[in-house]
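Trainee: What follows is a structure written as structure tokens; I'll ask about it next.
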Amino acid sequence: MRRFPKSFTQQEPIAEAAIEAAVAVMRTGRLHRYNLVEGEKGETALLEQEFAASLGVPYVLACASGGYALQLALRACGLERGEAVLCNAFTLSPVPGSIHAAGGEAVLVDILEDTTVDPDDLAAAARETGARFFLLSHMRGHIGDMDAIVAVCEAHGITLIEDCAHTMGASYDGRPSGTFGKVGCFSTQTYKHLNSGEGGLLSTEDPEVMRRAVIMSGSYMLYDRHLAAPEAETFSETRLVTPNMSGRMDNLRAAILRPQLDELASRRQRWNTLYRRLEAGLAEMAPVQTLPRHEKEGFVGSSIQFRLPSLAHDEIARFVAGCEARGIPLKWYGKSQPEDYTSRYDSWGYLSATRPLPNADRLLATLCDLRLPLTFDEGDCDDIVQLMGDAMDQATDKATPE
């Protein structure tokens, strides 16, 4: 049996410019973001300034992880212990996990055929719960109808926080992902669009939210060393009533990230070329339904999702096993037990209650997911499609006998 030879978890090497910047930081020994000499701005503060400029927002804070940025956003926006926080039913477990860690109670919202959040069910959940917050996950890089989502939030007085772990560099109607809500949260974990191993970024236009976030992140009284934050003199009250919950990014990771930020646009173009090539091939495979994309969405195709609605559970299981045997680690959200990053909401046992989620139940039962690293090329996409086609034929008893 022929196997695909490349790894789906192998990233591109860190560029020489980023390596040199990291080595320069290590030579100084000043890895802590506030450990600066006179006149030095620091890699972390410069990263915040440059990322803010890329989004067109005044304030950005670099954090230890994307999950920490989500927790920080909720706390800085005023979440109180035990409060309901609305959240997509289809998301990664760190999203409801961040709600739980911040003291909230996640209340799930159903999804549409394209796996994005259902604005009508969002409105229903808002009426049922009186929730003041919606943590919107642009799950696996799919951006929903932001016009409708924002309108629901405004109508119900809901603070919108965007989880943009999969949409850094993406947009909706020309507007950057992460700029529609009160706060945008991004990840720089290895499998995201910028790679520092772990890391996160929080963006906002609200000065008080930013002041709280800076103090909570662990600035002590060193908030004057930020370049993308409110003026230092405006912290006089916030600094005395806001707890320190240390979760800073360090200068080493920031140094690795700054050169990559300049590559984000070209990475998006390369990812989308691979995505469209693989999408076109999969669309020719009879049982496969690729997911529709909103006409206003400017996405980054670093992974691809598709559904197999006409196949029985055991046929999908055989197909996934056949892909794995051919070196293609296809993930399936319909498995009875969570695997890697593909957990469903019914495996998050800490949720206190769930609402009926008929669309999520139906769609996730046949939903598959595959990473697309930039170490692949278009020829690799063609090979993947051919191997997946062989696995499909075998799974549905259409394989030619040997």
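Residues in the structure tokens are named by chain (A, B, ... in the order shown) and by number from 1 within that chain; ligands are numbered from 1 in the order shown.
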Please tabulate, as a Markdown table, the residues of range 67-183 of chain A that come within 12 Å of range 329-344 of chain A, each with its closest pair of atoms and the distance in Å to one decimal, counting only C-alpha atoms and ordering rows by chain, then residue number upward.
Mentor:
| residue | atom | partner | partner_atom | distance |
| --- | --- | --- | --- | --- |
| A:Asn88 | CA | A:Arg344 | CA | 11.1 |
| A:Ala89 | CA | A:Arg344 | CA | 8.1 |
| A:Phe90 | CA | A:Arg344 | CA | 7.2 |
| A:Thr91 | CA | A:Arg344 | CA | 8.0 |
| A:Leu92 | CA | A:Tyr341 | CA | 6.7 |
| A:Ser93 | CA | A:Ser343 | CA | 6.8 |
| A:Pro94 | CA | A:Tyr341 | CA | 9.7 |
| A:Val95 | CA | A:Ser343 | CA | 11.8 |
| A:Pro96 | CA | A:Arg344 | CA | 11.2 |
| A:Leu108 | CA | A:Arg344 | CA | 11.5 |
| A:Met139 | CA | A:Thr342 | CA | 11.5 |
| A:Arg140 | CA | A:Thr342 | CA | 11.0 |
Trainee: Would you put the residues from that selection into a file with C-alpha atoms, as a PDB file, in the first residue's frame?
Mentor:
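Heads up, here's the output in result-v8.pdb:
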ATOM      1  CA  ASN A  88     -20.003  28.102  19.700  1.00  0.00           C
ATOM      2  CA  ALA A  89     -20.967  24.461  20.060  1.00  0.00           C
ATOM      3  CA  PHE A  90     -18.241  23.670  17.507  1.00  0.00           C
ATOM      4  CA  THR A  91     -14.900  24.867  18.822  1.00  0.00           C
ATOM      5  CA  LEU A  92     -11.706  23.587  20.377  1.00  0.00           C
ATOM      6  CA  SER A  93     -11.758  22.663  24.048  1.00  0.00           C
ATOM      7  CA  PRO A  94      -9.497  25.564  25.197  1.00  0.00           C
ATOM      8  CA  VAL A  95     -12.333  27.976  24.370  1.00  0.00           C
ATOM      9  CA  PRO A  96     -14.927  26.676  26.871  1.00  0.00           C
ATOM     10  CA  LEU A 108     -23.303  26.576  23.804  1.00  0.00           C
ATOM     11  CA  MET A 139     -13.318  27.596  14.381  1.00  0.00           C
ATOM     12  CA  ARG A 140     -10.848  26.049  11.918  1.00  0.00           C
TER      13      ARG A 140
END
Trainee: How many Å separate CA of Leu363 in chain A from CA of Val107 in chain A?
Mentor: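 Spanning CA of Leu363 in chain A to CA of Val107 in chain A is a straight-line distance of 18.9 Å.
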Trainee: From a backbone DSSP assignment, name each residue in range 165-376 of chain A labelled alpha helix (DSSP H), as a PDB file with N, CA and C atoms, in the first residue's frame.
Mentor:
ATOM      1  N   PRO A 207      -9.628  51.510  26.028  1.00  0.00           N
ATOM      2  CA  PRO A 207      -8.470  51.788  26.888  1.00  0.00           C
ATOM      3  C   PRO A 207      -8.571  51.163  28.269  1.00  0.00           C
ATOM      4  N   GLU A 208      -9.770  51.114  28.863  1.00  0.00           N
ATOM      5  CA  GLU A 208      -9.868  50.540  30.209  1.00  0.00           C
ATOM      6  C   GLU A 208      -9.699  49.027  30.169  1.00  0.00           C
ATOM      7  N   VAL A 209     -10.237  48.374  29.154  1.00  0.00           N
ATOM      8  CA  VAL A 209     -10.006  46.939  29.001  1.00  0.00           C
ATOM      9  C   VAL A 209      -8.512  46.673  28.872  1.00  0.00           C
ATOM     10  N   MET A 210      -7.830  47.509  28.117  1.00  0.00           N
ATOM     11  CA  MET A 210      -6.394  47.310  27.939  1.00  0.00           C
ATOM     12  C   MET A 210      -5.627  47.568  29.234  1.00  0.00           C
ATOM     13  N   ARG A 211      -6.021  48.590  29.963  1.00  0.00           N
ATOM     14  CA  ARG A 211      -5.343  48.855  31.237  1.00  0.00           C
ATOM     15  C   ARG A 211      -5.475  47.658  32.182  1.00  0.00           C
ATOM     16  N   ARG A 212      -6.685  47.131  32.281  1.00  0.00           N
ATOM     17  CA  ARG A 212      -6.894  45.964  33.146  1.00  0.00           C
ATOM     18  C   ARG A 212      -6.074  44.778  32.659  1.00  0.00           C
ATOM     19  N   ALA A 213      -6.075  44.551  31.343  1.00  0.00           N
ATOM     20  CA  ALA A 213      -5.346  43.412  30.790  1.00  0.00           C
ATOM     21  C   ALA A 213      -3.855  43.523  31.054  1.00  0.00           C
ATOM     22  N   VAL A 214      -3.309  44.713  30.919  1.00  0.00           N
ATOM     23  CA  VAL A 214      -1.871  44.922  31.160  1.00  0.00           C
ATOM     24  C   VAL A 214      -1.517  44.605  32.602  1.00  0.00           C
ATOM     25  N   ILE A 215      -2.308  45.105  33.537  1.00  0.00           N
ATOM     26  CA  ILE A 215      -2.031  44.847  34.958  1.00  0.00           C
ATOM     27  C   ILE A 215      -2.229  43.363  35.262  1.00  0.00           C
ATOM     28  N   MET A 216      -3.321  42.775  34.798  1.00  0.00           N
ATOM     29  CA  MET A 216      -3.568  41.355  35.041  1.00  0.00           C
ATOM     30  C   MET A 216      -2.466  40.478  34.454  1.00  0.00           C
ATOM     31  N   SER A 217      -1.933  40.872  33.304  1.00  0.00           N
ATOM     32  CA  SER A 217      -0.931  40.039  32.637  1.00  0.00           C
ATOM     33  C   SER A 217       0.374  39.969  33.407  1.00  0.00           C
ATOM     34  N   THR A 238      -6.614  52.104  37.955  1.00  0.00           N
ATOM     35  CA  THR A 238      -6.687  50.698  37.554  1.00  0.00           C
ATOM     36  C   THR A 238      -5.608  49.861  38.223  1.00  0.00           C
ATOM     37  N   ARG A 239      -4.427  50.402  38.377  1.00  0.00           N
ATOM     38  CA  ARG A 239      -3.308  49.622  38.906  1.00  0.00           C
ATOM     39  C   ARG A 239      -3.533  49.185  40.354  1.00  0.00           C
ATOM     40  N   LEU A 240      -4.394  49.900  41.090  1.00  0.00           N
ATOM     41  CA  LEU A 240      -4.595  49.611  42.506  1.00  0.00           C
ATOM     42  C   LEU A 240      -5.766  48.659  42.768  1.00  0.00           C
ATOM     43  N   VAL A 241      -6.597  48.413  41.782  1.00  0.00           N
ATOM     44  CA  VAL A 241      -7.794  47.589  41.994  1.00  0.00           C
ATOM     45  C   VAL A 241      -7.827  46.354  41.100  1.00  0.00           C
ATOM     46  N   ASN A 251      10.644  38.205  25.726  1.00  0.00           N
ATOM     47  CA  ASN A 251      11.328  38.822  24.590  1.00  0.00           C
ATOM     48  C   ASN A 251      11.844  37.797  23.578  1.00  0.00           C
ATOM     49  N   LEU A 252      12.152  36.594  24.031  1.00  0.00           N
ATOM     50  CA  LEU A 252      12.657  35.581  23.112  1.00  0.00           C
ATOM     51  C   LEU A 252      11.591  35.191  22.098  1.00  0.00           C
ATOM     52  N   ARG A 253      10.381  34.894  22.569  1.00  0.00           N
ATOM     53  CA  ARG A 253       9.316  34.527  21.640  1.00  0.00           C
ATOM     54  C   ARG A 253       8.922  35.710  20.762  1.00  0.00           C
ATOM     55  N   ALA A 254       8.903  36.894  21.333  1.00  0.00           N
ATOM     56  CA  ALA A 254       8.567  38.070  20.530  1.00  0.00           C
ATOM     57  C   ALA A 254       9.580  38.285  19.410  1.00  0.00           C
ATOM     58  N   ALA A 255      10.850  38.051  19.712  1.00  0.00           N
ATOM     59  CA  ALA A 255      11.896  38.211  18.698  1.00  0.00           C
ATOM     60  C   ALA A 255      11.709  37.223  17.550  1.00  0.00           C
ATOM     61  N   ILE A 256      11.255  36.006  17.869  1.00  0.00           N
ATOM     62  CA  ILE A 256      10.993  35.001  16.839  1.00  0.00           C
ATOM     63  C   ILE A 256       9.797  35.396  15.984  1.00  0.00           C
ATOM     64  N   LEU A 257       8.820  36.062  16.588  1.00  0.00           N
ATOM     65  CA  LEU A 257       7.576  36.389  15.895  1.00  0.00           C
ATOM     66  C   LEU A 257       7.669  37.618  15.005  1.00  0.00           C
ATOM     67  N   ARG A 258       8.434  38.616  15.391  1.00  0.00           N
ATOM     68  CA  ARG A 258       8.414  39.883  14.651  1.00  0.00           C
ATOM     69  C   ARG A 258       8.758  39.703  13.167  1.00  0.00           C
ATOM     70  N   PRO A 259       9.817  38.983  12.795  1.00  0.00           N
ATOM     71  CA  PRO A 259      10.077  38.795  11.360  1.00  0.00           C
ATOM     72  C   PRO A 259       8.981  38.001  10.654  1.00  0.00           C
ATOM     73  N   GLN A 260       8.328  37.094  11.378  1.00  0.00           N
ATOM     74  CA  GLN A 260       7.257  36.302  10.758  1.00  0.00           C
ATOM     75  C   GLN A 260       6.046  37.147  10.414  1.00  0.00           C
ATOM     76  N   LEU A 261       5.814  38.198  11.168  1.00  0.00           N
ATOM     77  CA  LEU A 261       4.658  39.056  10.909  1.00  0.00           C
ATOM     78  C   LEU A 261       4.710  39.621   9.491  1.00  0.00           C
ATOM     79  N   LEU A 264       3.176  37.177   6.881  1.00  0.00           N
ATOM     80  CA  LEU A 264       1.815  36.680   7.061  1.00  0.00           C
ATOM     81  C   LEU A 264       1.008  36.728   5.768  1.00  0.00           C
ATOM     82  N   ALA A 265       1.099  37.814   5.012  1.00  0.00           N
ATOM     83  CA  ALA A 265       0.314  37.926   3.776  1.00  0.00           C
ATOM     84  C   ALA A 265       0.726  36.868   2.757  1.00  0.00           C
ATOM     85  N   SER A 266       2.024  36.641   2.609  1.00  0.00           N
ATOM     86  CA  SER A 266       2.469  35.630   1.644  1.00  0.00           C
ATOM     87  C   SER A 266       2.103  34.228   2.121  1.00  0.00           C
ATOM     88  N   ARG A 267       2.130  33.989   3.436  1.00  0.00           N
ATOM     89  CA  ARG A 267       1.716  32.688   3.955  1.00  0.00           C
ATOM     90  C   ARG A 267       0.244  32.439   3.652  1.00  0.00           C
ATOM     91  N   ARG A 268      -0.565  33.471   3.817  1.00  0.00           N
ATOM     92  CA  ARG A 268      -1.992  33.315   3.520  1.00  0.00           C
ATOM     93  C   ARG A 268      -2.187  32.906   2.064  1.00  0.00           C
ATOM     94  N   GLN A 269      -1.484  33.550   1.152  1.00  0.00           N
ATOM     95  CA  GLN A 269      -1.616  33.223  -0.265  1.00  0.00           C
ATOM     96  C   GLN A 269      -1.177  31.789  -0.539  1.00  0.00           C
ATOM     97  N   ARG A 270      -0.082  31.362   0.051  1.00  0.00           N
ATOM     98  CA  ARG A 270       0.407  29.998  -0.150  1.00  0.00           C
ATOM     99  C   ARG A 270      -0.568  28.980   0.431  1.00  0.00           C
ATOM    100  N   TRP A 271      -1.082  29.245   1.652  1.00  0.00           N
ATOM    101  CA  TRP A 271      -2.054  28.329   2.251  1.00  0.00           C
ATOM    102  C   TRP A 271      -3.303  28.202   1.390  1.00  0.00           C
ATOM    103  N   ASN A 272      -3.779  29.332   0.892  1.00  0.00           N
ATOM    104  CA  ASN A 272      -5.023  29.287   0.127  1.00  0.00           C
ATOM    105  C   ASN A 272      -4.854  28.578  -1.219  1.00  0.00           C
ATOM    106  N   THR A 273      -3.649  28.659  -1.789  1.00  0.00           N
ATOM    107  CA  THR A 273      -3.378  27.902  -3.014  1.00  0.00           C
ATOM    108  C   THR A 273      -3.480  26.407  -2.743  1.00  0.00           C
ATOM    109  N   LEU A 274      -2.881  25.956  -1.643  1.00  0.00           N
ATOM    110  CA  LEU A 274      -2.975  24.543  -1.270  1.00  0.00           C
ATOM    111  C   LEU A 274      -4.421  24.157  -0.963  1.00  0.00           C
ATOM    112  N   TYR A 275      -5.108  25.016  -0.237  1.00  0.00           N
ATOM    113  CA  TYR A 275      -6.494  24.747   0.160  1.00  0.00           C
ATOM    114  C   TYR A 275      -7.373  24.556  -1.076  1.00  0.00           C
ATOM    115  N   ARG A 276      -7.292  25.490  -2.020  1.00  0.00           N
ATOM    116  CA  ARG A 276      -8.152  25.418  -3.203  1.00  0.00           C
ATOM    117  C   ARG A 276      -7.820  24.189  -4.050  1.00  0.00           C
ATOM    118  N   ARG A 277      -6.541  23.808  -4.103  1.00  0.00           N
ATOM    119  CA  ARG A 277      -6.160  22.629  -4.882  1.00  0.00           C
ATOM    120  C   ARG A 277      -6.751  21.364  -4.242  1.00  0.00           C
ATOM    121  N   LEU A 278      -6.616  21.254  -2.924  1.00  0.00           N
ATOM    122  CA  LEU A 278      -7.153  20.094  -2.226  1.00  0.00           C
ATOM    123  C   LEU A 278      -8.677  20.096  -2.254  1.00  0.00           C
ATOM    124  N   GLU A 279      -9.270  21.265  -2.064  1.00  0.00           N
ATOM    125  CA  GLU A 279     -10.730  21.384  -2.096  1.00  0.00           C
ATOM    126  C   GLU A 279     -11.289  20.917  -3.437  1.00  0.00           C
ATOM    127  N   ALA A 280     -10.639  21.339  -4.531  1.00  0.00           N
ATOM    128  CA  ALA A 280     -11.123  20.970  -5.861  1.00  0.00           C
ATOM    129  C   ALA A 280     -11.038  19.458  -6.054  1.00  0.00           C
ATOM    130  N   GLY A 281      -9.954  18.848  -5.572  1.00  0.00           N
ATOM    131  CA  GLY A 281      -9.825  17.409  -5.702  1.00  0.00           C
ATOM    132  C   GLY A 281     -10.842  16.652  -4.876  1.00  0.00           C
ATOM    133  N   LEU A 282     -11.060  17.089  -3.651  1.00  0.00           N
ATOM    134  CA  LEU A 282     -12.023  16.413  -2.778  1.00  0.00           C
ATOM    135  C   LEU A 282     -13.450  16.566  -3.303  1.00  0.00           C
ATOM    136  N   ALA A 283     -13.738  17.701  -3.933  1.00  0.00           N
ATOM    137  CA  ALA A 283     -15.087  17.945  -4.457  1.00  0.00           C
ATOM    138  C   ALA A 283     -15.459  16.950  -5.556  1.00  0.00           C
ATOM    139  N   HIS A 313     -21.860   5.307   9.774  1.00  0.00           N
ATOM    140  CA  HIS A 313     -20.815   5.479  10.782  1.00  0.00           C
ATOM    141  C   HIS A 313     -19.649   4.515  10.535  1.00  0.00           C
ATOM    142  N   ASP A 314     -19.949   3.257  10.240  1.00  0.00           N
ATOM    143  CA  ASP A 314     -18.873   2.290  10.055  1.00  0.00           C
ATOM    144  C   ASP A 314     -18.108   2.546   8.764  1.00  0.00           C
ATOM    145  N   GLU A 315     -18.757   3.105   7.753  1.00  0.00           N
ATOM    146  CA  GLU A 315     -18.050   3.448   6.513  1.00  0.00           C
ATOM    147  C   GLU A 315     -17.075   4.597   6.745  1.00  0.00           C
ATOM    148  N   ILE A 316     -17.509   5.602   7.498  1.00  0.00           N
ATOM    149  CA  ILE A 316     -16.594   6.709   7.817  1.00  0.00           C
ATOM    150  C   ILE A 316     -15.423   6.196   8.635  1.00  0.00           C
ATOM    151  N   ALA A 317     -15.695   5.315   9.587  1.00  0.00           N
ATOM    152  CA  ALA A 317     -14.618   4.754  10.410  1.00  0.00           C
ATOM    153  C   ALA A 317     -13.602   4.019   9.546  1.00  0.00           C
ATOM    154  N   ARG A 318     -14.079   3.237   8.563  1.00  0.00           N
ATOM    155  CA  ARG A 318     -13.162   2.523   7.667  1.00  0.00           C
ATOM    156  C   ARG A 318     -12.386   3.491   6.789  1.00  0.00           C
ATOM    157  N   PHE A 319     -13.044   4.548   6.335  1.00  0.00           N
ATOM    158  CA  PHE A 319     -12.372   5.558   5.511  1.00  0.00           C
ATOM    159  C   PHE A 319     -11.254   6.253   6.295  1.00  0.00           C
ATOM    160  N   VAL A 320     -11.550   6.665   7.510  1.00  0.00           N
ATOM    161  CA  VAL A 320     -10.537   7.328   8.344  1.00  0.00           C
ATOM    162  C   VAL A 320      -9.368   6.382   8.609  1.00  0.00           C
ATOM    163  N   ALA A 321      -9.673   5.123   8.919  1.00  0.00           N
ATOM    164  CA  ALA A 321      -8.614   4.140   9.152  1.00  0.00           C
ATOM    165  C   ALA A 321      -7.789   3.912   7.887  1.00  0.00           C
ATOM    166  N   GLY A 322      -8.453   3.909   6.739  1.00  0.00           N
ATOM    167  CA  GLY A 322      -7.746   3.750   5.476  1.00  0.00           C
ATOM    168  C   GLY A 322      -6.833   4.924   5.171  1.00  0.00           C
ATOM    169  N   CYS A 323      -7.288   6.128   5.507  1.00  0.00           N
ATOM    170  CA  CYS A 323      -6.444   7.310   5.328  1.00  0.00           C
ATOM    171  C   CYS A 323      -5.216   7.223   6.234  1.00  0.00           C
ATOM    172  N   GLU A 324      -5.434   6.850   7.480  1.00  0.00           N
ATOM    173  CA  GLU A 324      -4.328   6.735   8.425  1.00  0.00           C
ATOM    174  C   GLU A 324      -3.319   5.690   7.956  1.00  0.00           C
ATOM    175  N   ALA A 325      -3.803   4.566   7.422  1.00  0.00           N
ATOM    176  CA  ALA A 325      -2.910   3.516   6.915  1.00  0.00           C
ATOM    177  C   ALA A 325      -2.082   4.007   5.739  1.00  0.00           C
ATOM    178  N   PRO A 358     -29.248  20.511  17.756  1.00  0.00           N
ATOM    179  CA  PRO A 358     -29.494  19.490  16.722  1.00  0.00           C
ATOM    180  C   PRO A 358     -28.583  19.603  15.510  1.00  0.00           C
ATOM    181  N   ASN A 359     -28.281  20.818  15.077  1.00  0.00           N
ATOM    182  CA  ASN A 359     -27.409  20.964  13.907  1.00  0.00           C
ATOM    183  C   ASN A 359     -25.992  20.518  14.220  1.00  0.00           C
ATOM    184  N   ALA A 360     -25.482  20.920  15.377  1.00  0.00           N
ATOM    185  CA  ALA A 360     -24.135  20.514  15.757  1.00  0.00           C
ATOM    186  C   ALA A 360     -24.038  18.995  15.845  1.00  0.00           C
ATOM    187  N   ASP A 361     -25.032  18.366  16.446  1.00  0.00           N
ATOM    188  CA  ASP A 361     -25.022  16.908  16.560  1.00  0.00           C
ATOM    189  C   ASP A 361     -24.987  16.253  15.177  1.00  0.00           C
ATOM    190  N   ARG A 362     -25.802  16.763  14.283  1.00  0.00           N
ATOM    191  CA  ARG A 362     -25.887  16.169  12.943  1.00  0.00           C
ATOM    192  C   ARG A 362     -24.620  16.424  12.136  1.00  0.00           C
ATOM    193  N   LEU A 363     -24.135  17.648  12.156  1.00  0.00           N
ATOM    194  CA  LEU A 363     -22.996  18.015  11.315  1.00  0.00           C
ATOM    195  C   LEU A 363     -21.688  17.402  11.802  1.00  0.00           C
ATOM    196  N   LEU A 364     -21.470  17.423  13.116  1.00  0.00           N
ATOM    197  CA  LEU A 364     -20.206  16.909  13.639  1.00  0.00           C
ATOM    198  C   LEU A 364     -20.103  15.401  13.482  1.00  0.00           C
TER     199      LEU A 364
END
Trainee: Give me, please, the distance in Å between CA of Met388 in chain A and CA of Glu12 in chain A, quoted to one decimal.
Mentor: 24.3 Å
Trainee: Could you pull out the strand (DSSP E or B) residues of range 235-332 of chain A, going by DSSP on the backbone, and write them as a list in words?
Mentor: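 Matching residues, listed in order: Arg248, Gln289, Thr290, Glu297, Gly298, Ser303, Ile304, Gln305, Phe306, Arg307, Lys331 and Trp332 of chain A.
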Trainee: Store the residues of this selection in a file with N, CA and C atoms, as a tab-separated table (two decimals), in the first residue's frame.
Mentor:
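Heads up, here's the output in again.tsv:
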chain	number	residue	atom	x	y	z
A	248	ARG	N	2.67	36.78	30.95
A	248	ARG	CA	3.32	37.62	29.94
A	248	ARG	C	3.99	36.78	28.85
A	289	GLN	N	-18.67	16.35	0.85
A	289	GLN	CA	-19.26	17.69	0.76
A	289	GLN	C	-18.29	18.67	1.39
A	290	THR	N	-17.69	19.53	0.57
A	290	THR	CA	-16.83	20.57	1.12
A	290	THR	C	-17.70	21.66	1.73
A	297	GLU	N	-15.91	36.58	3.13
A	297	GLU	CA	-14.82	36.05	3.95
A	297	GLU	C	-13.51	36.04	3.19
A	298	GLY	N	-12.47	36.60	3.80
A	298	GLY	CA	-11.10	36.47	3.31
A	298	GLY	C	-10.36	35.54	4.24
A	303	SER	N	-6.07	24.68	7.18
A	303	SER	CA	-6.65	23.34	7.36
A	303	SER	C	-7.89	23.27	6.49
A	304	ILE	N	-8.36	22.05	6.25
A	304	ILE	CA	-9.56	21.90	5.43
A	304	ILE	C	-10.52	20.94	6.12
A	305	GLN	N	-11.81	21.25	6.01
A	305	GLN	CA	-12.85	20.42	6.61
A	305	GLN	C	-13.85	20.02	5.53
A	306	PHE	N	-14.40	18.83	5.68
A	306	PHE	CA	-15.44	18.37	4.76
A	306	PHE	C	-16.34	17.38	5.48
A	307	ARG	N	-17.52	17.14	4.90
A	307	ARG	CA	-18.50	16.24	5.50
A	307	ARG	C	-18.74	15.02	4.61
A	331	LYS	N	-8.74	13.60	10.80
A	331	LYS	CA	-9.46	13.64	12.07
A	331	LYS	C	-10.96	13.66	11.80
A	332	TRP	N	-11.70	13.00	12.68
A	332	TRP	CA	-13.15	12.85	12.51
A	332	TRP	C	-13.84	13.21	13.81
Trainee: Might you pull out every residue within 8 Å of Lys296 in chain A, with only C-alpha atoms counted and same-chain residues fewer than 2 positions away left off, and present them as a list in words?
Mentor: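 With the cut-off at 8 Å, the set is Tyr172, Asp173, Gly174, His294 and Gly298 of chain A.
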Trainee: Could you dump the residues just selected with N, CA and C atoms as an mmCIF file, in the first residue's frame?
Mentor:
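Done, and the output landed in result.cif:
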data_model
loop_
_atom_site.group_PDB
_atom_site.id
_atom_site.type_symbol
_atom_site.label_atom_id
_atom_site.label_comp_id
_atom_site.auth_asym_id
_atom_site.auth_seq_id
_atom_site.Cartn_x
_atom_site.Cartn_y
_atom_site.Cartn_z
ATOM 1 N N TYR A 172 -13.160 39.821 7.041
ATOM 2 C CA TYR A 172 -14.561 39.719 6.631
ATOM 3 C C TYR A 172 -14.954 41.064 6.058
ATOM 4 N N ASP A 173 -15.371 41.080 4.809
ATOM 5 C CA ASP A 173 -15.744 42.311 4.112
ATOM 6 C C ASP A 173 -14.607 43.333 4.173
ATOM 7 N N GLY A 174 -13.378 42.841 4.081
ATOM 8 C CA GLY A 174 -12.202 43.703 4.076
ATOM 9 C C GLY A 174 -11.712 44.148 5.436
ATOM 10 N N HIS A 294 -18.374 32.010 3.096
ATOM 11 C CA HIS A 294 -19.154 33.235 2.947
ATOM 12 C C HIS A 294 -18.481 34.143 1.921
ATOM 13 N N GLY A 298 -12.469 36.598 3.801
ATOM 14 C CA GLY A 298 -11.105 36.471 3.305
ATOM 15 C C GLY A 298 -10.363 35.535 4.238
#
Trainee: I'd like the contact shell of Leu201 in chain A - 12 Å cut-off, only C-alpha atoms, skipping same-chain residues fewer than 2 positions apart - returned as JSON, numbers by chain.
Mentor: {"A": [44, 45, 47, 48, 49, 50, 51, 52, 55, 59, 60, 61, 62, 63, 64, 65, 66, 67, 68, 69, 70, 71, 72, 73, 162, 163, 164, 165, 168, 178, 183, 184, 185, 186, 187, 188, 189, 194, 196, 198, 199, 203, 204, 210, 213, 214, 217, 228, 247, 248, 249, 253, 254, 257]}
Trainee: Which residue, A:Arg225, A:His32, A:Lys6, A:His156, has the smallest gap to Glu128 in chain A when you use only C-alpha atoms?
Mentor: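 Of A:Arg225, A:His32, A:Lys6, A:His156, the one nearest Glu128 in chain A, counting only C-alpha atoms, is A:His156.
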Trainee: Of the residues A:Ile328, A:Leu367, A:Ile158, A:Met245, which is the one nearest to Ala102 in chain A, using only C-alpha atoms?
Mentor: A:Met245
Trainee: May I ask which of the residues A:Glu83, A:Asp262, A:Asp397, A:Glu295 is the closest one to Gly130 in chain A, counting only C-alpha atoms?
Mentor: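 Answer, going by the shortest atom-to-atom distance: A:Glu83.
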Trainee: Work out how far CA of Thr396 in chain A is from CA of Ser310 in chain A, in Å to one decimal.
Mentor: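 A separation of 11.0 Å between them.
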Trainee: With distances taken over only C-alpha atoms, which of A:Leu351, A:Cys153, A:Leu227, A:Leu372 is nearest to Leu46 in chain A?
Mentor: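 Ranking A:Leu351, A:Cys153, A:Leu227, A:Leu372 by distance to Leu46 in chain A, first place goes to A:Leu227.
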